[in-house]
Amino acid sequence: MSTATLLEIEDKLITADELYAMGDMPGVELIKGKLRNMSPTGYEHGATESDIAFHLKSFLRQHNLGKVMTGEVGVYIRRNPDSIRAADVLFISHQRLQQVQSKSYLDVAPELVVEVLSPRDSWVDMAEKLEEYFSIGVLQVWFANPRNKTLQVFTSATDSVLLRGDDCVSEIAFLPGFSLNVSEIYS
């Protein structure tokens, strides 16, 4: 295969549908039509993701407000060229879930996206994700940091509160009655 042909393949933009047709591809996101590789997560990352999902799911079993999803769930950020972000944990209400039309990735913004930070995550990349999530209608983004056992709760790309220890996430309009001590995430 010639160098020119290889460059054409590498430069070709792919769509979200083409990505989905490739099957479950762990460790990739689609950014403006280009695949971006992500490394496997460490065990602290997995434990943090699982604990947050557990607390959300336990609350939702009692209140039936929507669904919690984990496992790098694809969320449309933009189209033409397509961008799909992989959320560690998300909450989407029944109302928003009923609006989903895609058979592959969520094409309706969830209310909450949780990103568990890894040592390799740069602030530039995380700030880009924040902007993208809020641009599509996500209401809150949480950055959980297992290294320093904190939870940063963003209500916009520029407004956040940093919680640790016995600090509590509460008074969330789309999850009325939900509260969670940060220490419960990292116990």
# chains A, B, ... in the order shown; residues from 1 in each chain; ligands from 1
$ residues_around --residues "region 128-138 of chain A" --least-positions-apart "2" --cutoff "7 Å" --atoms "only C-alpha atoms" --output "PyMOL selection string"
chain A and resi 77+109-112+124-126+140+156-157
$ write_last_selection --atoms "C-alpha atoms" --output "PDB file, in the first residue's frame"
ATOM      1  CA  ILE A  77     -21.397  15.951  21.352  1.00  0.00           C
ATOM      2  CA  ALA A 109     -27.885  14.932  26.793  1.00  0.00           C
ATOM      3  CA  PRO A 110     -28.032  13.218  30.171  1.00  0.00           C
ATOM      4  CA  GLU A 111     -28.614  15.451  33.179  1.00  0.00           C
ATOM      5  CA  LEU A 112     -25.432  14.287  34.929  1.00  0.00           C
ATOM      6  CA  VAL A 124      -6.844  21.102  28.966  1.00  0.00           C
ATOM      7  CA  ASP A 125      -8.601  17.862  27.959  1.00  0.00           C
ATOM      8  CA  MET A 126     -10.955  17.945  30.947  1.00  0.00           C
ATOM      9  CA  GLN A 140     -24.009  18.901  36.077  1.00  0.00           C
ATOM     10  CA  SER A 156     -21.374  25.222  34.344  1.00  0.00           C
ATOM     11  CA  ALA A 157     -17.997  25.155  32.651  1.00  0.00           C
TER      12      ALA A 157
END
$ residues_around --residues "region 56-63 of chain A" --least-positions-apart "6" --cutoff "12 Å" --atoms "only C-alpha atoms" --output "list of chain:residue names"
A:Glu49, A:Ser50, A:Met69, A:Thr70, A:Val89, A:Leu90, A:Phe91, A:Ile92, A:Ser93, A:His94, A:Leu112, A:Val113, A:Val114, A:Val169, A:Phe174, A:Leu175, A:Pro176, A:Gly177, A:Phe178, A:Ser179, A:Leu180, A:Glu184, A:Ile185
$ select_by_dssp --residues "region 37-157 of chain A" --states "helix (DSSP H, G or I)" --output "number ranges by chain"
A: 43-63, 94-97, 123-135
$ write_last_selection --atoms "C-alpha atoms" --output "tab-separated table (two decimals), in the first residue's frame"
chain	number	residue	atom	x	y	z
A	43	TYR	CA	-8.33	-0.24	39.70
A	44	GLU	CA	-8.88	2.97	41.74
A	45	HIS	CA	-10.67	4.47	38.76
A	46	GLY	CA	-12.89	1.41	38.42
A	47	ALA	CA	-13.69	1.31	42.13
A	48	THR	CA	-14.60	5.01	42.17
A	49	GLU	CA	-16.80	4.63	39.09
A	50	SER	CA	-18.53	1.64	40.65
A	51	ASP	CA	-19.11	3.34	44.02
A	52	ILE	CA	-20.64	6.45	42.46
A	53	ALA	CA	-22.90	4.35	40.23
A	54	PHE	CA	-23.93	2.22	43.23
A	55	HIS	CA	-25.05	5.24	45.27
A	56	LEU	CA	-26.93	6.77	42.35
A	57	LYS	CA	-28.57	3.46	41.44
A	58	SER	CA	-29.59	2.77	45.06
A	59	PHE	CA	-31.30	6.16	45.20
A	60	LEU	CA	-33.02	5.65	41.84
A	61	ARG	CA	-34.37	2.23	42.82
A	62	GLN	CA	-36.42	4.03	45.46
A	63	HIS	CA	-37.35	7.08	43.38
A	94	HIS	CA	-36.97	8.99	31.91
A	95	GLN	CA	-38.16	12.16	30.14
A	96	ARG	CA	-34.86	12.66	28.32
A	97	LEU	CA	-34.41	8.94	27.67
A	123	TRP	CA	-6.71	19.97	32.61
A	124	VAL	CA	-6.84	21.10	28.97
A	125	ASP	CA	-8.60	17.86	27.96
A	126	MET	CA	-10.96	17.95	30.95
A	127	ALA	CA	-11.86	21.60	30.33
A	128	GLU	CA	-12.67	20.67	26.72
A	129	LYS	CA	-14.98	17.89	27.95
A	130	LEU	CA	-16.68	20.30	30.36
A	131	GLU	CA	-17.39	22.79	27.57
A	132	GLU	CA	-18.72	20.04	25.33
A	133	TYR	CA	-21.00	18.48	27.95
A	134	PHE	CA	-22.54	21.81	28.94
A	135	SER	CA	-22.91	22.85	25.29
$ select_by_dssp --residues "region 9-186 of chain A" --states "strand (DSSP E)" --output "PyMOL selection string"
chain A and resi 28-31+34-37+66-78+83-93+112-116+140-145+150-154+160-164+168-169+180-181
$ atom_distance --atom1 "CA of Asp88 (chain A)" --atom2 "CA of Glu72 (chain A)"
4.9 Å
$ atom_distance --atom1 "CA of Ser170 (chain A)" --atom2 "CA of Val153 (chain A)"
10.5 Å
$ decode --residues "region 157-169 of chain A" --atoms "N, CA and C atoms" --output "compact mmCIF listing (two decimals), in the first residue's frame"
# COMPACT_ATOMS: atom_id res chain seq x y z
N ALA A 157 -19.41 25.37 32.95
CA ALA A 157 -18.00 25.16 32.65
C ALA A 157 -17.09 25.99 33.54
N THR A 158 -17.65 27.01 34.19
CA THR A 158 -16.82 27.89 35.02
C THR A 158 -17.23 27.92 36.49
N ASP A 159 -18.36 27.32 36.85
CA ASP A 159 -18.83 27.34 38.24
C ASP A 159 -18.74 25.95 38.84
N SER A 160 -17.98 25.84 39.94
CA SER A 160 -17.84 24.54 40.58
C SER A 160 -17.58 24.71 42.06
N VAL A 161 -17.76 23.61 42.77
CA VAL A 161 -17.41 23.53 44.17
C VAL A 161 -16.59 22.25 44.36
N LEU A 162 -15.53 22.35 45.15
CA LEU A 162 -14.67 21.21 45.41
C LEU A 162 -15.05 20.63 46.77
N LEU A 163 -15.41 19.34 46.77
CA LEU A 163 -15.87 18.67 47.98
C LEU A 163 -14.88 17.57 48.37
N ARG A 164 -14.75 17.36 49.69
CA ARG A 164 -13.88 16.27 50.19
C ARG A 164 -14.38 15.82 51.53
N GLY A 165 -13.93 14.64 51.95
CA GLY A 165 -14.25 14.13 53.28
C GLY A 165 -15.74 14.01 53.52
N ASP A 166 -16.21 14.66 54.56
CA ASP A 166 -17.63 14.61 54.92
C ASP A 166 -18.48 15.65 54.20
N ASP A 167 -17.88 16.39 53.25
CA ASP A 167 -18.68 17.30 52.43
C ASP A 167 -19.72 16.47 51.67
N CYS A 168 -20.85 17.10 51.41
CA CYS A 168 -21.99 16.36 50.86
C CYS A 168 -22.47 16.98 49.54
N VAL A 169 -22.72 16.13 48.57
CA VAL A 169 -23.41 16.54 47.35
C VAL A 169 -24.89 16.44 47.66
